[in-house]
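Enquirer: Next comes final.csv, CSV, C-alpha atoms:
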```csv
chain,number,residue,atom,x,y,z
U,13,MET,CA,0.0,0.0,0.0
U,14,ASN,CA,1.1,3.6,-0.6
U,15,ASP,CA,1.0,6.5,1.9
U,16,LEU,CA,-2.6,7.2,0.9
U,17,ASN,CA,-3.7,3.6,1.6
U,18,GLY,CA,-4.0,2.8,-2.1
U,19,TYR,CA,-2.8,-0.5,-3.6
U,20,ASP,CA,0.7,-0.7,-5.3
U,21,ILE,CA,1.2,-2.9,-8.3
U,22,GLU,CA,2.8,-5.5,-6.1
U,23,ASP,CA,-0.4,-5.8,-4.0
U,24,LEU,CA,-2.7,-6.5,-6.9
U,25,SER,CA,-3.7,-9.9,-8.5
U,26,PRO,CA,-6.5,-11.0,-10.8
U,27,GLY,CA,-9.8,-11.6,-9.1
U,28,MET,CA,-9.5,-8.9,-6.5
U,29,SER,CA,-12.8,-6.9,-6.5
U,30,ALA,CA,-14.5,-3.9,-4.9
U,31,THR,CA,-17.9,-2.4,-5.0
U,32,PHE,CA,-19.3,1.1,-4.3
U,33,GLY,CA,-23.1,1.7,-4.2
U,34,LYS,CA,-24.9,5.0,-4.5
U,35,THR,CA,-28.5,6.1,-5.1
U,36,VAL,CA,-28.8,8.3,-8.2
U,37,THR,CA,-31.1,11.1,-7.3
U,38,GLU,CA,-33.1,13.8,-9.2
U,39,SER,CA,-30.6,16.3,-7.8
U,40,ASP,CA,-27.7,14.3,-9.3
U,41,ILE,CA,-29.3,14.4,-12.7
U,42,GLY,CA,-30.1,18.2,-12.6
U,43,LEU,CA,-26.6,19.0,-11.4
U,44,PHE,CA,-24.9,16.8,-13.9
U,45,ALA,CA,-26.8,18.5,-16.7
U,46,GLY,CA,-25.4,21.8,-15.6
U,47,ILE,CA,-21.8,20.5,-15.1
U,48,SER,CA,-21.7,18.7,-18.5
U,49,GLY,CA,-24.0,20.8,-20.5
U,50,ASP,CA,-25.9,17.7,-21.5
U,51,ILE,CA,-29.5,18.8,-21.6
U,52,ASN,CA,-30.9,15.8,-23.4
U,53,ALA,CA,-34.7,15.8,-22.9
U,54,LEU,CA,-34.5,12.1,-22.0
U,55,HIS,CA,-32.9,13.2,-18.8
U,56,LEU,CA,-34.7,16.5,-18.0
U,57,ASN,CA,-38.2,16.5,-19.6
U,58,GLU,CA,-40.6,14.0,-18.1
U,59,GLU,CA,-43.4,14.7,-20.6
U,60,TYR,CA,-41.0,13.9,-23.5
U,61,ALA,CA,-39.3,11.0,-21.8
U,62,ALA,CA,-42.7,9.4,-21.0
U,63,THR,CA,-43.3,9.1,-24.8
U,64,THR,CA,-40.1,7.2,-25.4
U,65,PRO,CA,-39.5,3.4,-25.0
U,66,PHE,CA,-37.9,4.3,-21.6
U,67,GLY,CA,-41.3,5.5,-20.3
U,68,GLY,CA,-39.8,8.3,-18.2
U,69,ARG,CA,-36.6,10.2,-17.4
U,70,ILE,CA,-33.3,8.3,-17.1
U,71,ALA,CA,-29.9,9.3,-15.7
U,72,HIS,CA,-27.1,10.3,-18.1
U,73,GLY,CA,-25.0,7.3,-18.9
U,74,ILE,CA,-21.8,9.2,-18.1
U,75,LEU,CA,-23.2,10.2,-14.7
U,76,THR,CA,-23.6,6.5,-13.8
U,77,THR,CA,-20.1,6.0,-15.1
U,78,GLY,CA,-18.9,8.4,-12.4
U,79,LEU,CA,-19.5,5.6,-9.9
U,80,ILE,CA,-17.0,3.4,-11.7
U,81,SER,CA,-14.5,6.3,-11.4
U,82,ALA,CA,-15.4,6.5,-7.7
U,83,THR,CA,-14.8,2.8,-7.1
U,84,ILE,CA,-11.4,2.9,-8.8
U,85,ALA,CA,-10.3,6.1,-7.1
U,86,ASN,CA,-11.6,5.3,-3.6
U,87,LYS,CA,-11.2,1.5,-3.3
U,88,LEU,CA,-9.5,-0.5,-6.0
U,89,PRO,CA,-6.7,0.3,-6.7
U,90,GLY,CA,-7.6,3.4,-4.6
U,91,PRO,CA,-5.8,6.6,-3.8
U,92,GLY,CA,-2.8,7.4,-6.0
U,93,VAL,CA,-4.3,5.7,-9.1
U,94,ILE,CA,-4.2,7.3,-12.5
U,95,TYR,CA,-7.0,6.6,-15.0
U,96,LEU,CA,-5.7,5.8,-18.5
U,97,GLU,CA,-8.6,4.2,-20.4
U,98,GLN,CA,-12.3,3.3,-20.0
U,99,GLN,CA,-14.6,1.3,-22.4
U,100,LEU,CA,-18.3,1.5,-21.7
U,101,ARG,CA,-21.4,-0.3,-23.0
U,102,PHE,CA,-24.7,1.2,-21.9
U,103,LEU,CA,-27.0,-1.8,-21.5
U,104,ALA,CA,-30.1,-0.5,-19.6
U,105,PRO,CA,-31.5,2.7,-18.1
U,106,VAL,CA,-30.9,4.0,-14.6
U,107,ARG,CA,-33.9,5.9,-13.3
U,108,PRO,CA,-34.0,8.6,-10.6
U,109,GLY,CA,-34.1,6.8,-7.2
U,110,ASP,CA,-32.3,3.7,-8.5
U,111,THR,CA,-29.4,2.5,-6.4
U,112,VAL,CA,-26.4,1.6,-8.6
U,113,ASN,CA,-23.6,-0.7,-7.5
U,114,ALA,CA,-20.4,-0.2,-9.4
U,115,THR,CA,-18.0,-3.2,-9.2
U,116,VAL,CA,-14.5,-3.3,-10.4
U,117,THR,CA,-12.5,-6.6,-10.6
U,118,VAL,CA,-8.8,-7.0,-11.5
U,119,LYS,CA,-8.5,-8.9,-14.8
U,120,GLU,CA,-4.8,-8.4,-15.6
U,121,VAL,CA,-1.7,-7.0,-13.9
U,122,ILE,CA,1.0,-5.7,-16.2
U,123,ALA,CA,3.7,-5.3,-13.6
U,124,GLU,CA,6.5,-3.9,-15.8
U,125,ARG,CA,4.3,-1.0,-16.9
U,126,GLY,CA,2.5,-0.5,-13.6
U,127,HIS,CA,-0.8,-1.0,-15.5
U,128,VAL,CA,-3.9,-2.8,-14.3
U,129,VAL,CA,-6.8,-3.9,-16.4
U,130,LEU,CA,-10.1,-3.9,-14.5
U,131,GLU,CA,-13.6,-5.3,-15.5
U,132,THR,CA,-16.1,-2.5,-14.6
U,133,ILE,CA,-19.8,-3.2,-14.2
U,134,CYS,CA,-22.7,-1.1,-12.9
U,135,ARG,CA,-25.7,-3.0,-11.7
U,136,VAL,CA,-29.2,-2.0,-10.5
U,137,GLY,CA,-31.0,-4.7,-8.5
U,138,GLY,CA,-28.6,-7.3,-9.8
U,139,LYS,CA,-29.1,-6.3,-13.5
U,140,ASP,CA,-26.2,-5.0,-15.5
U,141,VAL,CA,-26.8,-1.5,-16.7
U,142,ILE,CA,-23.2,-0.6,-17.8
U,143,SER,CA,-20.4,-3.1,-18.7
U,144,GLY,CA,-16.9,-2.3,-19.7
U,145,GLU,CA,-13.2,-2.3,-18.9
U,146,ALA,CA,-10.7,0.2,-17.5
U,147,ARG,CA,-6.9,0.5,-17.7
U,148,VAL,CA,-5.2,2.3,-14.8
U,149,LYS,CA,-1.7,3.0,-13.7
U,150,VAL,CA,-0.6,2.5,-10.1
U,151,GLY,CA,2.7,3.0,-8.1
U,152,SER,CA,5.3,0.5,-7.1
U,153,SER,CA,6.5,-0.1,-3.5
U,154,LYS,CA,9.6,-1.8,-4.9
U,155,LYS,CA,10.5,1.3,-7.0
U,156,ARG,CA,9.8,3.6,-4.0
U,157,GLU,CA,12.2,1.6,-1.8
U,158,GLU,CA,14.9,1.6,-4.5
U,159,LYS,CA,14.6,5.4,-4.7
U,160,LYS,CA,14.9,5.6,-0.9
U,161,LYS,CA,18.0,3.5,-0.9
U,162,LEU,CA,19.6,5.5,-3.6
U,163,ALA,CA,18.7,8.7,-1.8
U,164,ALA,CA,20.2,7.3,1.5
U,165,ALA,CA,23.4,6.4,-0.4
U,166,GLY,CA,23.6,9.9,-1.7
U,167,VAL,CA,23.2,8.9,-5.3
N,2,MET,CA,-34.5,15.6,-38.9
N,3,ASN,CA,-36.9,14.3,-36.2
N,4,ASP,CA,-39.5,16.4,-34.3
N,5,LEU,CA,-36.9,17.4,-31.8
N,6,ASN,CA,-34.6,18.7,-34.5
N,7,GLY,CA,-32.1,15.8,-34.1
N,8,TYR,CA,-30.6,14.0,-37.1
N,9,ASP,CA,-32.1,10.8,-38.5
N,10,ILE,CA,-29.9,8.0,-39.9
N,11,GLU,CA,-30.7,9.3,-43.4
N,12,ASP,CA,-29.3,12.7,-42.7
N,13,LEU,CA,-25.8,11.5,-41.5
N,14,SER,CA,-22.7,10.9,-43.5
N,15,PRO,CA,-19.0,10.4,-42.6
N,16,GLY,CA,-17.1,13.7,-41.9
N,17,MET,CA,-20.0,15.6,-40.3
N,18,SER,CA,-18.8,17.2,-37.2
N,19,ALA,CA,-19.9,19.3,-34.2
N,20,THR,CA,-18.2,20.9,-31.2
N,21,PHE,CA,-19.4,22.1,-27.8
N,22,GLY,CA,-17.1,24.1,-25.5
N,23,LYS,CA,-17.4,24.7,-21.8
N,24,THR,CA,-15.1,26.0,-19.1
N,25,VAL,CA,-14.6,23.4,-16.3
N,26,THR,CA,-14.9,25.2,-13.0
N,27,GLU,CA,-14.0,24.6,-9.3
N,28,SER,CA,-17.7,24.3,-8.7
N,29,ASP,CA,-18.1,21.6,-11.4
N,30,ILE,CA,-15.3,19.5,-9.7
N,31,GLY,CA,-16.8,19.8,-6.3
N,32,LEU,CA,-20.3,19.0,-7.5
N,33,PHE,CA,-19.1,16.0,-9.6
N,34,ALA,CA,-17.4,14.6,-6.5
N,35,GLY,CA,-20.7,14.6,-4.7
N,36,ILE,CA,-22.7,13.3,-7.6
N,37,SER,CA,-20.3,10.4,-8.4
N,38,GLY,CA,-18.8,9.8,-4.9
N,39,ASP,CA,-15.3,10.1,-6.5
N,40,ILE,CA,-13.3,11.9,-3.8
N,41,ASN,CA,-9.9,11.3,-5.3
N,42,ALA,CA,-7.4,13.6,-3.6
N,43,LEU,CA,-6.1,14.5,-7.0
N,44,HIS,CA,-9.3,16.3,-7.7
N,45,LEU,CA,-10.1,17.8,-4.2
N,46,ASN,CA,-6.9,18.2,-2.2
N,47,GLU,CA,-4.6,21.0,-3.5
N,48,GLU,CA,-1.9,20.3,-1.0
N,49,TYR,CA,-1.7,16.6,-2.0
N,50,ALA,CA,-2.2,17.3,-5.8
N,51,ALA,CA,0.7,19.8,-5.7
N,52,THR,CA,3.0,16.9,-4.7
N,53,THR,CA,2.1,14.8,-7.7
N,54,PRO,CA,3.5,15.0,-11.3
N,55,PHE,CA,0.3,17.0,-12.1
N,56,GLY,CA,1.4,19.8,-9.8
N,57,GLY,CA,-2.1,20.7,-8.7
N,58,ARG,CA,-5.8,19.6,-8.8
N,59,ILE,CA,-7.2,18.3,-12.0
N,60,ALA,CA,-10.8,17.6,-13.1
N,61,HIS,CA,-12.2,14.0,-13.0
N,62,GLY,CA,-11.8,12.4,-16.4
N,63,ILE,CA,-15.4,11.3,-16.4
N,64,LEU,CA,-16.5,14.9,-15.7
N,65,THR,CA,-14.8,16.0,-18.9
N,66,THR,CA,-16.3,13.1,-20.7
N,67,GLY,CA,-19.7,14.6,-19.9
N,68,LEU,CA,-18.9,17.3,-22.6
N,69,ILE,CA,-18.7,14.5,-25.2
N,70,SER,CA,-22.2,13.3,-24.0
N,71,ALA,CA,-23.4,16.9,-24.3
N,72,THR,CA,-22.1,17.3,-27.9
N,73,ILE,CA,-23.8,14.0,-28.9
N,74,ALA,CA,-27.1,14.7,-27.1
N,75,ASN,CA,-27.4,18.4,-28.0
N,76,LYS,CA,-25.8,18.7,-31.5
N,77,LEU,CA,-24.7,15.6,-33.4
N,78,PRO,CA,-26.8,13.5,-33.9
N,79,GLY,CA,-28.7,15.6,-31.3
N,80,PRO,CA,-32.1,15.1,-29.6
N,81,GLY,CA,-33.5,11.6,-29.8
N,82,VAL,CA,-30.1,9.9,-29.9
N,83,ILE,CA,-29.5,6.8,-27.7
N,84,TYR,CA,-26.0,6.3,-26.3
N,85,LEU,CA,-24.8,2.7,-26.8
N,86,GLU,CA,-21.0,2.6,-26.3
N,87,GLN,CA,-18.1,4.9,-25.5
N,88,GLN,CA,-14.3,4.3,-25.5
N,89,LEU,CA,-12.0,6.8,-23.7
N,90,ARG,CA,-8.3,7.4,-23.5
N,91,PHE,CA,-7.3,10.0,-20.9
N,92,LEU,CA,-4.3,11.7,-22.4
N,93,ALA,CA,-3.7,14.9,-20.4
N,94,PRO,CA,-5.1,16.7,-17.4
N,95,VAL,CA,-7.9,19.3,-17.4
N,96,ARG,CA,-7.4,21.9,-14.7
N,97,PRO,CA,-10.0,24.1,-13.0
N,98,GLY,CA,-10.5,27.1,-15.3
N,99,ASP,CA,-9.6,25.2,-18.5
N,100,THR,CA,-12.0,25.6,-21.4
N,101,VAL,CA,-12.7,22.2,-23.0
N,102,ASN,CA,-13.9,21.8,-26.6
N,103,ALA,CA,-15.5,18.4,-27.2
N,104,THR,CA,-15.7,17.5,-30.9
N,105,VAL,CA,-17.6,14.6,-32.4
N,106,THR,CA,-17.2,13.5,-36.0
N,107,VAL,CA,-19.2,10.9,-37.9
N,108,LYS,CA,-16.8,8.0,-38.8
N,109,GLU,CA,-19.3,5.4,-40.0
N,110,VAL,CA,-23.1,5.1,-40.6
N,111,ILE,CA,-24.6,1.6,-40.3
N,112,ALA,CA,-27.9,2.4,-41.9
N,113,GLU,CA,-29.6,-1.0,-41.5
N,114,ARG,CA,-29.1,-0.9,-37.7
N,115,GLY,CA,-29.6,2.8,-37.2
N,116,HIS,CA,-26.1,3.0,-35.6
N,117,VAL,CA,-23.5,5.7,-36.0
N,118,VAL,CA,-19.9,5.5,-35.0
N,119,LEU,CA,-18.4,8.8,-33.9
N,120,GLU,CA,-14.8,9.9,-33.2
N,121,THR,CA,-14.9,11.8,-29.9
N,122,ILE,CA,-12.1,14.2,-28.9
N,123,CYS,CA,-11.8,16.7,-26.1
N,124,ARG,CA,-9.2,19.5,-26.5
N,125,VAL,CA,-7.8,22.2,-24.3
N,126,GLY,CA,-6.1,25.0,-26.2
N,127,GLY,CA,-5.8,22.8,-29.3
N,128,LYS,CA,-4.2,19.9,-27.3
N,129,ASP,CA,-6.0,16.5,-27.1
N,130,VAL,CA,-6.9,15.7,-23.5
N,131,ILE,CA,-9.3,12.8,-24.2
N,132,SER,CA,-9.6,10.7,-27.4
N,133,GLY,CA,-12.0,7.9,-28.2
N,134,GLU,CA,-15.0,6.6,-30.1
N,135,ALA,CA,-18.7,6.4,-29.4
N,136,ARG,CA,-21.5,4.3,-30.9
N,137,VAL,CA,-25.1,5.7,-30.8
N,138,LYS,CA,-28.5,4.8,-32.2
N,139,VAL,CA,-30.7,7.3,-34.1
N,140,GLY,CA,-34.2,7.2,-35.6
N,141,SER,CA,-35.1,6.8,-39.3
N,142,SER,CA,-37.4,9.3,-41.2
N,143,LYS,CA,-38.0,6.5,-43.7
N,144,LYS,CA,-39.3,4.1,-41.0
N,145,ARG,CA,-41.5,6.8,-39.5
N,146,GLU,CA,-43.1,7.6,-42.9
N,147,GLU,CA,-43.7,3.9,-43.5
N,148,LYS,CA,-45.4,3.6,-40.1
N,149,LYS,CA,-47.6,6.7,-40.9
N,150,LYS,CA,-48.7,5.2,-44.2
N,151,LEU,CA,-49.6,1.9,-42.6
N,152,ALA,CA,-51.5,3.8,-39.9
N,153,ALA,CA,-53.4,5.8,-42.5
N,154,ALA,CA,-54.2,2.6,-44.4
N,155,GLY,CA,-55.6,1.2,-41.1
N,156,VAL,CA,-53.1,-1.6,-41.0
```
Rewrite the structure of this file - the entire thing - as structure tokens.
Expert:
Amino acid sequence: MNDLNGYDIEDLSPGMSATFGKTVTESDIGLFAGISGDINALHLNEEYAATTPFGGRIAHGILTTGLISATIANKLPGPGVIYLEQQLRFLAPVRPGDTVNATVTVKEVIAERGHVVLETICRVGGKDVISGEARVKVGSSKKREEKKKLAAAGV
Amino acid sequence: MNDLNGYDIEDLSPGMSATFGKTVTESDIGLFAGISGDINALHLNEEYAATTPFGGRIAHGILTTGLISATIANKLPGPGVIYLEQQLRFLAPVRPGDTVNATVTVKEVIAERGHVVLETICRVGGKDVISGEARVKVGSSKKREEKKKLAAAGV
């Protein structure tokens, strides 16, 4: 672990998993529209959204993706991580009031580059709403120790 | 165009492009942390962020991605679009106060499925900060007219 209690590359192995759950609220959707500028009627206009196959307003897909970012940044690998890539497939709608569980699972550890490939899934009531994969970069306890030794030796 | 002034599949061809620009503010970053639950110190803690290679706080990558969602939903293909997939590569940091221009360009039109593949790029001062690709679904003016004819014929 690093000083911020995040995982180093040496700590990670395939199968490790973490989940963060959050209820997506009306407020989240309104604020995200302002932050992003995405004023899609499907998210903001109940009268319009009710006429679509969704039958009512749904959350922005990228808003829900924020919970994947949260799981990666807060839990696995956690603090110190750098986000490199994210692939997303939007499978089903998230509605105001839905509780989303974002789960990330280590698929591959590329030790020499400090890269980790994670499976990233968001679920509502056990149903997948977003699937995908992330690539992140983490630190190395081994490299930090080597630097310390060199510093102590005055190199 | 559909009733909401969004493009139908028949209106789209490779090379069509649209851009949406927005300044990413301190307020956006704070609100996005609350919406997503992503409290990465790199986004919220200036004293910590100053010690990293970034040299200060940066915006959440998924926050900036929201501007891609906005360009797709508001401009190209615009209202009525359904987001299917998004690939993202985070190339460089976005700092509070940076103005991000998100540009989407039609790469491929898959008429029989109503799918459109878009190149999606976010830039700050001409420099790419996010690159990637989206797949979206749009409506068909041809199919709507066929439905109307069938309805008029009482089928």
Enquirer: Residues of chain U within 9 Å of chain N, counting all atoms listed in the file - could you list those as JSON, numbers by chain?
Expert: {"U": [32, 34, 36, 37, 39, 40, 41, 43, 44, 45, 46, 47, 48, 49, 50, 51, 52, 53, 54, 72, 73, 74, 75, 76, 77, 78, 79, 80, 81, 82, 83, 84, 85, 86, 90, 91, 92, 93, 95, 96, 97, 98, 99, 100, 101, 102, 103]}
Enquirer: Can I get the selected residues back with C-alpha atoms, as a compact mmCIF listing (two decimals), in the coordinates of the input?
Expert:
```
# COMPACT_ATOMS: atom_id res chain seq x y z
CA PHE U 32 -19.30 1.10 -4.30
CA LYS U 34 -24.90 5.00 -4.50
CA VAL U 36 -28.80 8.30 -8.20
CA THR U 37 -31.10 11.10 -7.30
CA SER U 39 -30.60 16.30 -7.80
CA ASP U 40 -27.70 14.30 -9.30
CA ILE U 41 -29.30 14.40 -12.70
CA LEU U 43 -26.60 19.00 -11.40
CA PHE U 44 -24.90 16.80 -13.90
CA ALA U 45 -26.80 18.50 -16.70
CA GLY U 46 -25.40 21.80 -15.60
CA ILE U 47 -21.80 20.50 -15.10
CA SER U 48 -21.70 18.70 -18.50
CA GLY U 49 -24.00 20.80 -20.50
CA ASP U 50 -25.90 17.70 -21.50
CA ILE U 51 -29.50 18.80 -21.60
CA ASN U 52 -30.90 15.80 -23.40
CA ALA U 53 -34.70 15.80 -22.90
CA LEU U 54 -34.50 12.10 -22.00
CA HIS U 72 -27.10 10.30 -18.10
CA GLY U 73 -25.00 7.30 -18.90
CA ILE U 74 -21.80 9.20 -18.10
CA LEU U 75 -23.20 10.20 -14.70
CA THR U 76 -23.60 6.50 -13.80
CA THR U 77 -20.10 6.00 -15.10
CA GLY U 78 -18.90 8.40 -12.40
CA LEU U 79 -19.50 5.60 -9.90
CA ILE U 80 -17.00 3.40 -11.70
CA SER U 81 -14.50 6.30 -11.40
CA ALA U 82 -15.40 6.50 -7.70
CA THR U 83 -14.80 2.80 -7.10
CA ILE U 84 -11.40 2.90 -8.80
CA ALA U 85 -10.30 6.10 -7.10
CA ASN U 86 -11.60 5.30 -3.60
CA GLY U 90 -7.60 3.40 -4.60
CA PRO U 91 -5.80 6.60 -3.80
CA GLY U 92 -2.80 7.40 -6.00
CA VAL U 93 -4.30 5.70 -9.10
CA TYR U 95 -7.00 6.60 -15.00
CA LEU U 96 -5.70 5.80 -18.50
CA GLU U 97 -8.60 4.20 -20.40
CA GLN U 98 -12.30 3.30 -20.00
CA GLN U 99 -14.60 1.30 -22.40
CA LEU U 100 -18.30 1.50 -21.70
CA ARG U 101 -21.40 -0.30 -23.00
CA PHE U 102 -24.70 1.20 -21.90
CA LEU U 103 -27.00 -1.80 -21.50
```
Enquirer: May I ask for the distance between atom CA of Glu11 of chain N and atom CA of Lys144 of chain N, given in Å to one decimal place?
Expert: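 Going from atom CA of Glu11 of chain N over to atom CA of Lys144 of chain N, I get 10.3 Å.
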Enquirer: Could you check how far atom CA of Arg114 of chain N sits from atom CA of Val139 of chain N, in Å to one decimal?
Expert: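 A separation of 9.1 Å between them.
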Enquirer: What lies within 10 Å of Met17 of chain N using only C-alpha atoms, ignoring chain neighbours under 2 positions off, as a list in words?
Expert: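 Final neighbour list, sorted by chain and number: Leu13, Ser14, Pro15, Ala19, Leu77, Pro78, Val105, Thr106, Val107, Lys108 and Leu119 of chain N.
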Enquirer: Which value, in Å to one decimal, gives the distance between atom CA of Ser142 of chain N and atom CA of Val141 of chain U?
Expert: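 It comes out at 28.8 Å.
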